[in-house]
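Peer 1: Below is the file query39.cif, with mmCIF, N, CA and C atoms.
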data_entry
#
loop_
_atom_site.group_PDB
_atom_site.id
_atom_site.type_symbol
_atom_site.label_atom_id
_atom_site.label_comp_id
_atom_site.auth_asym_id
_atom_site.auth_seq_id
_atom_site.Cartn_x
_atom_site.Cartn_y
_atom_site.Cartn_z
ATOM 1 N N MET A 1 80.563 -1.418 24.446
ATOM 2 C CA MET A 1 80.933 -2.607 25.183
ATOM 3 C C MET A 1 80.559 -2.461 26.652
ATOM 4 N N ARG A 2 80.720 -1.250 27.201
ATOM 5 C CA ARG A 2 80.327 -1.042 28.605
ATOM 6 C C ARG A 2 78.834 -1.287 28.793
ATOM 7 N N ALA A 3 78.028 -0.828 27.846
ATOM 8 C CA ALA A 3 76.576 -1.041 27.937
ATOM 9 C C ALA A 3 76.258 -2.537 27.878
ATOM 10 N N ALA A 4 76.957 -3.265 27.018
ATOM 11 C CA ALA A 4 76.746 -4.715 26.931
ATOM 12 C C ALA A 4 77.143 -5.397 28.238
ATOM 13 N N ALA A 5 78.250 -4.965 28.821
ATOM 14 C CA ALA A 5 78.700 -5.551 30.086
ATOM 15 C C ALA A 5 77.715 -5.232 31.210
ATOM 16 N N ASP A 6 77.209 -3.994 31.250
ATOM 17 C CA ASP A 6 76.214 -3.627 32.259
ATOM 18 C C ASP A 6 74.955 -4.476 32.102
ATOM 19 N N HIS A 7 74.522 -4.639 30.859
ATOM 20 C CA HIS A 7 73.328 -5.457 30.610
ATOM 21 C C HIS A 7 73.566 -6.907 31.022
ATOM 22 N N ASP A 8 74.735 -7.454 30.672
ATOM 23 C CA ASP A 8 75.065 -8.834 31.032
ATOM 24 C C ASP A 8 75.060 -9.013 32.546
ATOM 25 N N ASP A 9 75.565 -8.021 33.278
ATOM 26 C CA ASP A 9 75.580 -8.098 34.741
ATOM 27 C C ASP A 9 74.174 -8.103 35.329
ATOM 28 N N SER A 10 73.230 -7.460 34.644
ATOM 29 C CA SER A 10 71.888 -7.309 35.199
ATOM 30 C C SER A 10 70.950 -8.458 34.857
ATOM 31 N N VAL A 11 71.344 -9.320 33.955
ATOM 32 C CA VAL A 11 70.473 -10.409 33.518
ATOM 33 C C VAL A 11 70.704 -11.627 34.398
ATOM 34 N N ASP A 12 69.616 -12.131 34.981
ATOM 35 C CA ASP A 12 69.713 -13.346 35.790
ATOM 36 C C ASP A 12 69.896 -14.545 34.880
ATOM 37 N N LYS A 13 70.733 -15.474 35.319
ATOM 38 C CA LYS A 13 70.918 -16.712 34.586
ATOM 39 C C LYS A 13 69.954 -17.744 35.160
ATOM 40 N N LEU A 14 69.386 -18.573 34.308
ATOM 41 C CA LEU A 14 68.539 -19.658 34.787
ATOM 42 C C LEU A 14 69.400 -20.649 35.562
ATOM 43 N N PRO A 15 68.864 -21.261 36.615
ATOM 44 C CA PRO A 15 69.680 -22.168 37.423
ATOM 45 C C PRO A 15 70.193 -23.378 36.650
ATOM 46 N N VAL A 16 69.536 -23.727 35.541
ATOM 47 C CA VAL A 16 69.976 -24.902 34.788
ATOM 48 C C VAL A 16 70.983 -24.552 33.699
ATOM 49 N N THR A 17 71.257 -23.278 33.483
ATOM 50 C CA THR A 17 72.235 -22.911 32.466
ATOM 51 C C THR A 17 73.586 -22.676 33.125
ATOM 52 N N PRO A 18 74.645 -22.989 32.419
ATOM 53 C CA PRO A 18 75.970 -22.833 33.023
ATOM 54 C C PRO A 18 76.445 -21.390 33.109
ATOM 55 N N GLY A 19 75.748 -20.487 32.482
ATOM 56 C CA GLY A 19 76.187 -19.095 32.477
ATOM 57 C C GLY A 19 76.934 -18.798 31.195
ATOM 58 N N PRO A 20 77.425 -17.591 31.070
ATOM 59 C CA PRO A 20 78.107 -17.214 29.830
ATOM 60 C C PRO A 20 79.449 -17.923 29.706
ATOM 61 N N ILE A 21 79.840 -18.187 28.471
ATOM 62 C CA ILE A 21 81.158 -18.784 28.247
ATOM 63 C C ILE A 21 82.235 -17.798 28.700
ATOM 64 N N VAL A 22 82.131 -16.562 28.243
ATOM 65 C CA VAL A 22 83.021 -15.491 28.693
ATOM 66 C C VAL A 22 82.128 -14.305 29.038
ATOM 67 N N PRO A 23 82.125 -13.902 30.304
ATOM 68 C CA PRO A 23 81.300 -12.754 30.679
ATOM 69 C C PRO A 23 81.683 -11.505 29.887
ATOM 70 N N ALA A 24 80.703 -10.715 29.548
ATOM 71 C CA ALA A 24 80.943 -9.489 28.777
ATOM 72 C C ALA A 24 81.909 -8.565 29.495
ATOM 73 N N ARG A 25 81.869 -8.550 30.814
ATOM 74 C CA ARG A 25 82.757 -7.672 31.573
ATOM 75 C C ARG A 25 84.224 -8.088 31.372
ATOM 76 N N GLU A 26 84.488 -9.386 31.261
ATOM 77 C CA GLU A 26 85.851 -9.845 30.975
ATOM 78 C C GLU A 26 86.271 -9.410 29.572
ATOM 79 N N LEU A 27 85.353 -9.527 28.627
ATOM 80 C CA LEU A 27 85.657 -9.085 27.266
ATOM 81 C C LEU A 27 85.968 -7.595 27.243
ATOM 82 N N LEU A 28 85.227 -6.825 28.039
ATOM 83 C CA LEU A 28 85.500 -5.389 28.154
ATOM 84 C C LEU A 28 86.920 -5.176 28.693
ATOM 85 N N GLY A 29 87.287 -5.923 29.723
ATOM 86 C CA GLY A 29 88.632 -5.807 30.284
ATOM 87 C C GLY A 29 89.705 -6.109 29.250
ATOM 88 N N GLU A 30 89.497 -7.154 28.454
ATOM 89 C CA GLU A 30 90.466 -7.495 27.419
ATOM 90 C C GLU A 30 90.548 -6.397 26.360
ATOM 91 N N MET A 31 89.388 -5.841 25.997
ATOM 92 C CA MET A 31 89.369 -4.759 25.017
ATOM 93 C C MET A 31 90.131 -3.539 25.558
ATOM 94 N N LEU A 32 89.918 -3.231 26.819
ATOM 95 C CA LEU A 32 90.603 -2.089 27.422
ATOM 96 C C LEU A 32 92.114 -2.314 27.492
ATOM 97 N N LEU A 33 92.539 -3.554 27.745
ATOM 98 C CA LEU A 33 93.973 -3.853 27.712
ATOM 99 C C LEU A 33 94.529 -3.639 26.311
ATOM 100 N N GLU A 34 93.793 -4.091 25.308
ATOM 101 C CA GLU A 34 94.239 -3.935 23.921
ATOM 102 C C GLU A 34 94.354 -2.468 23.519
ATOM 103 N N THR A 35 93.542 -1.620 24.115
ATOM 104 C CA THR A 35 93.560 -0.194 23.778
ATOM 105 C C THR A 35 94.400 0.614 24.771
ATOM 106 N N LYS A 36 95.280 -0.089 25.482
ATOM 107 C CA LYS A 36 96.256 0.554 26.383
ATOM 108 C C LYS A 36 95.599 1.343 27.516
ATOM 109 N N GLN A 37 94.550 0.746 28.117
ATOM 110 C CA GLN A 37 93.868 1.352 29.260
ATOM 111 C C GLN A 37 93.876 0.360 30.431
ATOM 112 N N PRO A 38 95.055 0.051 30.986
ATOM 113 C CA PRO A 38 95.133 -0.997 31.995
ATOM 114 C C PRO A 38 94.383 -0.696 33.294
ATOM 115 N N ALA A 39 94.317 0.551 33.719
ATOM 116 C CA ALA A 39 93.601 0.864 34.965
ATOM 117 C C ALA A 39 92.109 0.584 34.802
ATOM 118 N N ALA A 40 91.551 0.975 33.671
ATOM 119 C CA ALA A 40 90.132 0.694 33.399
ATOM 120 C C ALA A 40 89.916 -0.804 33.221
ATOM 121 N N ALA A 41 90.882 -1.485 32.621
ATOM 122 C CA ALA A 41 90.784 -2.935 32.440
ATOM 123 C C ALA A 41 90.767 -3.634 33.794
ATOM 124 N N LEU A 42 91.626 -3.200 34.703
ATOM 125 C CA LEU A 42 91.671 -3.778 36.048
ATOM 126 C C LEU A 42 90.308 -3.640 36.715
ATOM 127 N N GLU A 43 89.720 -2.473 36.605
ATOM 128 C CA GLU A 43 88.387 -2.249 37.184
ATOM 129 C C GLU A 43 87.357 -3.192 36.568
ATOM 130 N N ALA A 44 87.419 -3.391 35.259
ATOM 131 C CA ALA A 44 86.466 -4.283 34.584
ATOM 132 C C ALA A 44 86.649 -5.725 35.058
ATOM 133 N N PHE A 45 87.887 -6.179 35.173
ATOM 134 C CA PHE A 45 88.135 -7.552 35.637
ATOM 135 C C PHE A 45 87.688 -7.734 37.087
ATOM 136 N N GLU A 46 87.943 -6.738 37.921
ATOM 137 C CA GLU A 46 87.518 -6.831 39.319
ATOM 138 C C GLU A 46 85.995 -6.858 39.415
ATOM 139 N N THR A 47 85.320 -6.065 38.608
ATOM 140 C CA THR A 47 83.856 -6.087 38.598
ATOM 141 C C THR A 47 83.355 -7.440 38.124
ATOM 142 N N SER A 48 83.991 -7.985 37.105
ATOM 143 C CA SER A 48 83.603 -9.300 36.596
ATOM 144 C C SER A 48 83.689 -10.367 37.685
ATOM 145 N N MET A 49 84.731 -10.271 38.510
ATOM 146 C CA MET A 49 84.906 -11.275 39.567
ATOM 147 C C MET A 49 83.862 -11.162 40.672
ATOM 148 N N MET A 50 83.176 -10.031 40.752
ATOM 149 C CA MET A 50 82.085 -9.922 41.729
ATOM 150 C C MET A 50 80.919 -10.815 41.310
ATOM 151 N N PHE A 51 80.737 -11.003 40.002
ATOM 152 C CA PHE A 51 79.639 -11.811 39.479
ATOM 153 C C PHE A 51 80.063 -13.250 39.196
ATOM 154 N N ALA A 52 81.299 -13.449 38.837
ATOM 155 C CA ALA A 52 81.835 -14.775 38.521
ATOM 156 C C ALA A 52 83.215 -14.882 39.166
ATOM 157 N N PRO A 53 83.242 -15.146 40.470
ATOM 158 C CA PRO A 53 84.501 -15.097 41.219
ATOM 159 C C PRO A 53 85.521 -16.141 40.770
ATOM 160 N N GLU A 54 86.759 -15.719 40.794
ATOM 161 C CA GLU A 54 87.926 -16.581 40.649
ATOM 162 C C GLU A 54 88.019 -17.319 39.317
ATOM 163 N N ARG A 55 87.438 -16.746 38.269
ATOM 164 C CA ARG A 55 87.617 -17.321 36.932
ATOM 165 C C ARG A 55 89.068 -17.113 36.501
ATOM 166 N N PHE A 56 89.633 -18.102 35.848
ATOM 167 C CA PHE A 56 91.022 -18.053 35.419
ATOM 168 C C PHE A 56 91.306 -16.788 34.609
ATOM 169 N N ASN A 57 90.487 -16.537 33.582
ATOM 170 C CA ASN A 57 90.725 -15.391 32.702
ATOM 171 C C ASN A 57 90.606 -14.060 33.446
ATOM 172 N N ALA A 58 89.665 -13.968 34.358
ATOM 173 C CA ALA A 58 89.496 -12.721 35.104
ATOM 174 C C ALA A 58 90.670 -12.498 36.066
ATOM 175 N N LEU A 59 91.099 -13.557 36.734
ATOM 176 C CA LEU A 59 92.250 -13.426 37.636
ATOM 177 C C LEU A 59 93.509 -13.035 36.859
ATOM 178 N N TYR A 60 93.742 -13.710 35.748
ATOM 179 C CA TYR A 60 94.915 -13.371 34.949
ATOM 180 C C TYR A 60 94.799 -11.951 34.405
ATOM 181 N N GLY A 61 93.629 -11.604 33.879
ATOM 182 C CA GLY A 61 93.432 -10.261 33.329
ATOM 183 C C GLY A 61 93.661 -9.189 34.375
ATOM 184 N N ALA A 62 93.137 -9.412 35.571
ATOM 185 C CA ALA A 62 93.315 -8.435 36.649
ATOM 186 C C ALA A 62 94.789 -8.333 37.043
ATOM 187 N N ALA A 63 95.452 -9.467 37.146
ATOM 188 C CA ALA A 63 96.868 -9.461 37.512
ATOM 189 C C ALA A 63 97.700 -8.740 36.453
ATOM 190 N N HIS A 64 97.449 -9.066 35.203
ATOM 191 C CA HIS A 64 98.205 -8.454 34.101
ATOM 192 C C HIS A 64 97.934 -6.950 34.023
ATOM 193 N N ALA A 65 96.672 -6.563 34.154
ATOM 194 C CA ALA A 65 96.315 -5.138 34.122
ATOM 195 C C ALA A 65 96.963 -4.395 35.290
ATOM 196 N N ALA A 66 96.950 -5.008 36.474
ATOM 197 C CA ALA A 66 97.582 -4.383 37.642
ATOM 198 C C ALA A 66 99.091 -4.244 37.421
ATOM 199 N N GLN A 67 99.710 -5.262 36.847
ATOM 200 C CA GLN A 67 101.143 -5.209 36.574
ATOM 201 C C GLN A 67 101.468 -4.068 35.615
ATOM 202 N N ILE A 68 100.707 -3.946 34.540
ATOM 203 C CA ILE A 68 100.947 -2.883 33.564
ATOM 204 C C ILE A 68 100.700 -1.506 34.180
ATOM 205 N N SER A 69 99.761 -1.449 35.131
ATOM 206 C CA SER A 69 99.440 -0.184 35.812
ATOM 207 C C SER A 69 100.422 0.137 36.926
ATOM 208 N N ASP A 70 101.442 -0.693 37.100
ATOM 209 C CA ASP A 70 102.435 -0.537 38.170
ATOM 210 C C ASP A 70 101.823 -0.659 39.567
ATOM 211 N N ASN A 71 100.769 -1.468 39.684
ATOM 212 C CA ASN A 71 100.168 -1.748 40.983
ATOM 213 C C ASN A 71 100.674 -3.129 41.407
ATOM 214 N N ARG A 72 101.897 -3.158 41.914
ATOM 215 C CA ARG A 72 102.550 -4.430 42.249
ATOM 216 C C ARG A 72 101.792 -5.212 43.318
ATOM 217 N N GLN A 73 101.174 -4.514 44.258
ATOM 218 C CA GLN A 73 100.466 -5.193 45.335
ATOM 219 C C GLN A 73 99.297 -6.004 44.781
ATOM 220 N N LYS A 74 98.468 -5.375 43.951
ATOM 221 C CA LYS A 74 97.334 -6.099 43.374
ATOM 222 C C LYS A 74 97.805 -7.170 42.390
ATOM 223 N N ALA A 75 98.819 -6.858 41.607
ATOM 224 C CA ALA A 75 99.339 -7.841 40.660
ATOM 225 C C ALA A 75 99.814 -9.085 41.408
ATOM 226 N N SER A 76 100.554 -8.885 42.482
ATOM 227 C CA SER A 76 101.043 -10.016 43.281
ATOM 228 C C SER A 76 99.892 -10.830 43.845
ATOM 229 N N ALA A 77 98.890 -10.147 44.379
ATOM 230 C CA ALA A 77 97.752 -10.850 44.972
ATOM 231 C C ALA A 77 96.998 -11.664 43.931
ATOM 232 N N TYR A 78 96.743 -11.075 42.767
ATOM 233 C CA TYR A 78 95.996 -11.796 41.732
ATOM 234 C C TYR A 78 96.821 -12.920 41.114
ATOM 235 N N TYR A 79 98.108 -12.696 40.889
ATOM 236 C CA TYR A 79 98.939 -13.773 40.352
ATOM 237 C C TYR A 79 99.032 -14.928 41.353
ATOM 238 N N ALA A 80 99.165 -14.607 42.634
ATOM 239 C CA ALA A 80 99.233 -15.658 43.654
ATOM 240 C C ALA A 80 97.931 -16.451 43.705
ATOM 241 N N LYS A 81 96.806 -15.761 43.624
ATOM 242 C CA LYS A 81 95.514 -16.448 43.637
ATOM 243 C C LYS A 81 95.349 -17.307 42.385
ATOM 244 N N LEU A 82 95.816 -16.804 41.248
ATOM 245 C CA LEU A 82 95.750 -17.562 40.007
ATOM 246 C C LEU A 82 96.505 -18.879 40.147
ATOM 247 N N LEU A 83 97.720 -18.806 40.669
ATOM 248 C CA LEU A 83 98.511 -20.027 40.853
ATOM 249 C C LEU A 83 97.884 -20.961 41.887
ATOM 250 N N ALA A 84 97.323 -20.389 42.949
ATOM 251 C CA ALA A 84 96.705 -21.206 43.988
ATOM 252 C C ALA A 84 95.459 -21.928 43.475
ATOM 253 N N ASN A 85 94.759 -21.330 42.535
ATOM 254 C CA ASN A 85 93.518 -21.911 42.024
ATOM 255 C C ASN A 85 93.736 -22.965 40.941
ATOM 256 N N CYS A 86 94.937 -23.052 40.430
ATOM 257 C CA CYS A 86 95.185 -23.997 39.334
ATOM 258 C C CYS A 86 95.434 -25.385 39.894
ATOM 259 N N PRO A 87 94.748 -26.375 39.337
ATOM 260 C CA PRO A 87 94.925 -27.734 39.856
ATOM 261 C C PRO A 87 96.335 -28.262 39.643
ATOM 262 N N ARG A 88 96.994 -27.788 38.611
ATOM 263 C CA ARG A 88 98.370 -28.192 38.345
ATOM 264 C C ARG A 88 99.231 -26.942 38.195
ATOM 265 N N PRO A 89 99.733 -26.411 39.287
ATOM 266 C CA PRO A 89 100.508 -25.173 39.202
ATOM 267 C C PRO A 89 101.780 -25.314 38.378
ATOM 268 N N THR A 90 102.187 -26.545 38.062
ATOM 269 C CA THR A 90 103.381 -26.730 37.240
ATOM 270 C C THR A 90 103.044 -26.690 35.752
ATOM 271 N N SER A 91 101.777 -26.436 35.429
ATOM 272 C CA SER A 91 101.356 -26.381 34.038
ATOM 273 C C SER A 91 102.188 -25.374 33.263
ATOM 274 N N ASP A 92 102.306 -25.627 31.972
ATOM 275 C CA ASP A 92 103.138 -24.773 31.126
ATOM 276 C C ASP A 92 102.321 -23.698 30.407
ATOM 277 N N LEU A 93 101.158 -23.343 30.921
ATOM 278 C CA LEU A 93 100.374 -22.275 30.306
ATOM 279 C C LEU A 93 101.155 -20.968 30.387
ATOM 280 N N PRO A 94 101.119 -20.158 29.321
ATOM 281 C CA PRO A 94 101.878 -18.900 29.352
ATOM 282 C C PRO A 94 101.446 -17.967 30.485
ATOM 283 N N GLU A 95 100.166 -17.977 30.821
ATOM 284 C CA GLU A 95 99.682 -17.122 31.910
ATOM 285 C C GLU A 95 100.298 -17.531 33.242
ATOM 286 N N LEU A 96 100.449 -18.835 33.458
ATOM 287 C CA LEU A 96 101.044 -19.312 34.706
ATOM 288 C C LEU A 96 102.551 -19.054 34.737
ATOM 289 N N ARG A 97 103.193 -19.174 33.576
ATOM 290 C CA ARG A 97 104.629 -18.829 33.520
ATOM 291 C C ARG A 97 104.828 -17.355 33.858
ATOM 292 N N GLU A 98 103.949 -16.504 33.321
ATOM 293 C CA GLU A 98 104.037 -15.070 33.612
ATOM 294 C C GLU A 98 103.832 -14.802 35.100
ATOM 295 N N ALA A 99 102.865 -15.491 35.704
ATOM 296 C CA ALA A 99 102.587 -15.316 37.127
ATOM 297 C C ALA A 99 103.796 -15.734 37.967
ATOM 298 N N LYS A 100 104.365 -16.896 37.640
ATOM 299 C CA LYS A 100 105.527 -17.375 38.395
ATOM 300 C C LYS A 100 106.714 -16.419 38.257
ATOM 301 N N LEU A 101 106.942 -15.959 37.046
ATOM 302 C CA LEU A 101 108.054 -15.029 36.801
ATOM 303 C C LEU A 101 107.857 -13.737 37.587
ATOM 304 N N PHE A 102 106.650 -13.194 37.549
ATOM 305 C CA PHE A 102 106.377 -11.952 38.272
ATOM 306 C C PHE A 102 106.598 -12.137 39.769
ATOM 307 N N LEU A 103 106.087 -13.233 40.314
ATOM 308 C CA LEU A 103 106.184 -13.448 41.765
ATOM 309 C C LEU A 103 107.614 -13.731 42.217
ATOM 310 N N THR A 104 108.454 -14.248 41.337
ATOM 311 C CA THR A 104 109.847 -14.483 41.734
ATOM 312 C C THR A 104 110.695 -13.225 41.614
ATOM 313 N N GLN A 105 110.190 -12.198 40.949
ATOM 314 C CA GLN A 105 110.939 -10.956 40.783
ATOM 315 C C GLN A 105 110.560 -9.890 41.800
ATOM 316 N N LYS A 106 109.904 -10.265 42.856
ATOM 317 C CA LYS A 106 109.474 -9.285 43.872
ATOM 318 C C LYS A 106 110.635 -8.499 44.417
#
Here is the file; what I need is its structure written in the form of structure tokens.

Peer 2:
Amino acid sequence: MRAAADHDDSVDKLPVTPGPIVPARELLGEMLLETKQPAAALEAFETSMMFAPERFNALYGAAHAAQISDNRQKASAYYAKLLANCPRPTSDLPELREAKLFLTQK
């Protein structure tokens, strides 16, 4: 998966294509979370955001990985950015509920 993510990062997208539906680096981050490697997952999500900044899934993944890694500072920053980027912060998405709950428990 790391090789696929590295390859995906190195391939230029044509200007007329919207880009990948889910970047391989985000998929790597999700896989690492599933295999109980939150620090590596956080790194994968942060790398993904260098190529596709402020994507909902990457912000949530980074925040969740940071929270599991006990990195409260990064978790707070990513959860806050996630909420700030949502057009309707009152949405009932589970990711937004998690972000709100985390930020109120500071």

Peer 1: CA of Leu33 (chain A) and atom C of Arg88 (chain A), how far apart in Å?

Peer 2: 25.9 Å

Peer 1: What gap, in Å, lies between CA of Phe102 (chain A) and CA of Asn57 (chain A)?

Peer 2: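 Answer for the CA of Phe102 (chain A) to CA of Asn57 (chain A) separation: 17.0 Å.
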
Peer 1: Between CA of Ala84 (chain A) and CA of Glu54 (chain A), what is the distance in Å, rounded to a tenth?

Peer 2: 10.5 Å

Peer 1: Using DSSP on the backbone, list every residue of chain A that comes out as alpha helix (DSSP H), and give them as a PyMOL selection string.

Peer 2: chain A and resi 2-10+24-34+38-51+56-68+72-85+94-104

Peer 1: Run through the PyMOL selection byres (((chain A and resi 95 and name CA) around 12) and name CA) on the given coordinates and return the selected residues as number ranges by chain.

Peer 2: A: 56-64, 78-80, 82-83, 86, 89-94, 96-102

Peer 1: Skipping near chain neighbours, those fewer than 6 positions away, what residues fall within 12 Å of Met1 (chain A) using only C-alpha atoms, listed as a list in words?

Peer 2: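 After dropping sequence-adjacent residues, the list is His7, Asp8, Pro23, Ala24, Arg25, Glu26, Leu27, Leu28, Gly29, Glu30, Met31, Leu32 and Ala44 of chain A.
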
Peer 1: Could you please fill out region 34-47 of chain A with N, CA, C and O atoms and send it back as a PDB file, in the frame of the given file?

Peer 2:
ATOM      1  N   GLU A  34      93.793  -4.091  25.308  1.00  0.00           N
ATOM      2  CA  GLU A  34      94.239  -3.935  23.921  1.00  0.00           C
ATOM      3  C   GLU A  34      94.354  -2.468  23.519  1.00  0.00           C
ATOM      4  O   GLU A  34      95.174  -2.122  22.666  1.00  0.00           O
ATOM      5  N   THR A  35      93.542  -1.620  24.115  1.00  0.00           N
ATOM      6  CA  THR A  35      93.560  -0.194  23.778  1.00  0.00           C
ATOM      7  C   THR A  35      94.400   0.614  24.771  1.00  0.00           C
ATOM      8  O   THR A  35      94.232   1.819  24.890  1.00  0.00           O
ATOM      9  N   LYS A  36      95.280  -0.089  25.482  1.00  0.00           N
ATOM     10  CA  LYS A  36      96.256   0.554  26.383  1.00  0.00           C
ATOM     11  C   LYS A  36      95.599   1.343  27.516  1.00  0.00           C
ATOM     12  O   LYS A  36      96.018   2.438  27.854  1.00  0.00           O
ATOM     13  N   GLN A  37      94.550   0.746  28.117  1.00  0.00           N
ATOM     14  CA  GLN A  37      93.868   1.352  29.260  1.00  0.00           C
ATOM     15  C   GLN A  37      93.876   0.360  30.431  1.00  0.00           C
ATOM     16  O   GLN A  37      92.825  -0.143  30.837  1.00  0.00           O
ATOM     17  N   PRO A  38      95.055   0.051  30.986  1.00  0.00           N
ATOM     18  CA  PRO A  38      95.133  -0.997  31.995  1.00  0.00           C
ATOM     19  C   PRO A  38      94.383  -0.696  33.294  1.00  0.00           C
ATOM     20  O   PRO A  38      93.851  -1.614  33.916  1.00  0.00           O
ATOM     21  N   ALA A  39      94.317   0.551  33.719  1.00  0.00           N
ATOM     22  CA  ALA A  39      93.601   0.864  34.965  1.00  0.00           C
ATOM     23  C   ALA A  39      92.109   0.584  34.802  1.00  0.00           C
ATOM     24  O   ALA A  39      91.478  -0.006  35.687  1.00  0.00           O
ATOM     25  N   ALA A  40      91.551   0.975  33.671  1.00  0.00           N
ATOM     26  CA  ALA A  40      90.132   0.694  33.399  1.00  0.00           C
ATOM     27  C   ALA A  40      89.916  -0.804  33.221  1.00  0.00           C
ATOM     28  O   ALA A  40      88.888  -1.349  33.637  1.00  0.00           O
ATOM     29  N   ALA A  41      90.882  -1.485  32.621  1.00  0.00           N
ATOM     30  CA  ALA A  41      90.784  -2.935  32.440  1.00  0.00           C
ATOM     31  C   ALA A  41      90.767  -3.634  33.794  1.00  0.00           C
ATOM     32  O   ALA A  41      89.967  -4.550  34.021  1.00  0.00           O
ATOM     33  N   LEU A  42      91.626  -3.200  34.703  1.00  0.00           N
ATOM     34  CA  LEU A  42      91.671  -3.778  36.048  1.00  0.00           C
ATOM     35  C   LEU A  42      90.308  -3.640  36.715  1.00  0.00           C
ATOM     36  O   LEU A  42      89.791  -4.596  37.305  1.00  0.00           O
ATOM     37  N   GLU A  43      89.720  -2.473  36.605  1.00  0.00           N
ATOM     38  CA  GLU A  43      88.387  -2.249  37.184  1.00  0.00           C
ATOM     39  C   GLU A  43      87.357  -3.192  36.568  1.00  0.00           C
ATOM     40  O   GLU A  43      86.527  -3.769  37.276  1.00  0.00           O
ATOM     41  N   ALA A  44      87.419  -3.391  35.259  1.00  0.00           N
ATOM     42  CA  ALA A  44      86.466  -4.283  34.584  1.00  0.00           C
ATOM     43  C   ALA A  44      86.649  -5.725  35.058  1.00  0.00           C
ATOM     44  O   ALA A  44      85.661  -6.424  35.333  1.00  0.00           O
ATOM     45  N   PHE A  45      87.887  -6.179  35.173  1.00  0.00           N
ATOM     46  CA  PHE A  45      88.135  -7.552  35.637  1.00  0.00           C
ATOM     47  C   PHE A  45      87.688  -7.734  37.087  1.00  0.00           C
ATOM     48  O   PHE A  45      87.113  -8.766  37.447  1.00  0.00           O
ATOM     49  N   GLU A  46      87.943  -6.738  37.921  1.00  0.00           N
ATOM     50  CA  GLU A  46      87.518  -6.831  39.319  1.00  0.00           C
ATOM     51  C   GLU A  46      85.995  -6.858  39.415  1.00  0.00           C
ATOM     52  O   GLU A  46      85.441  -7.609  40.228  1.00  0.00           O
ATOM     53  N   THR A  47      85.320  -6.065  38.608  1.00  0.00           N
ATOM     54  CA  THR A  47      83.856  -6.087  38.598  1.00  0.00           C
ATOM     55  C   THR A  47      83.355  -7.440  38.124  1.00  0.00           C
ATOM     56  O   THR A  47      82.407  -7.998  38.682  1.00  0.00           O
TER      57      THR A  47
END
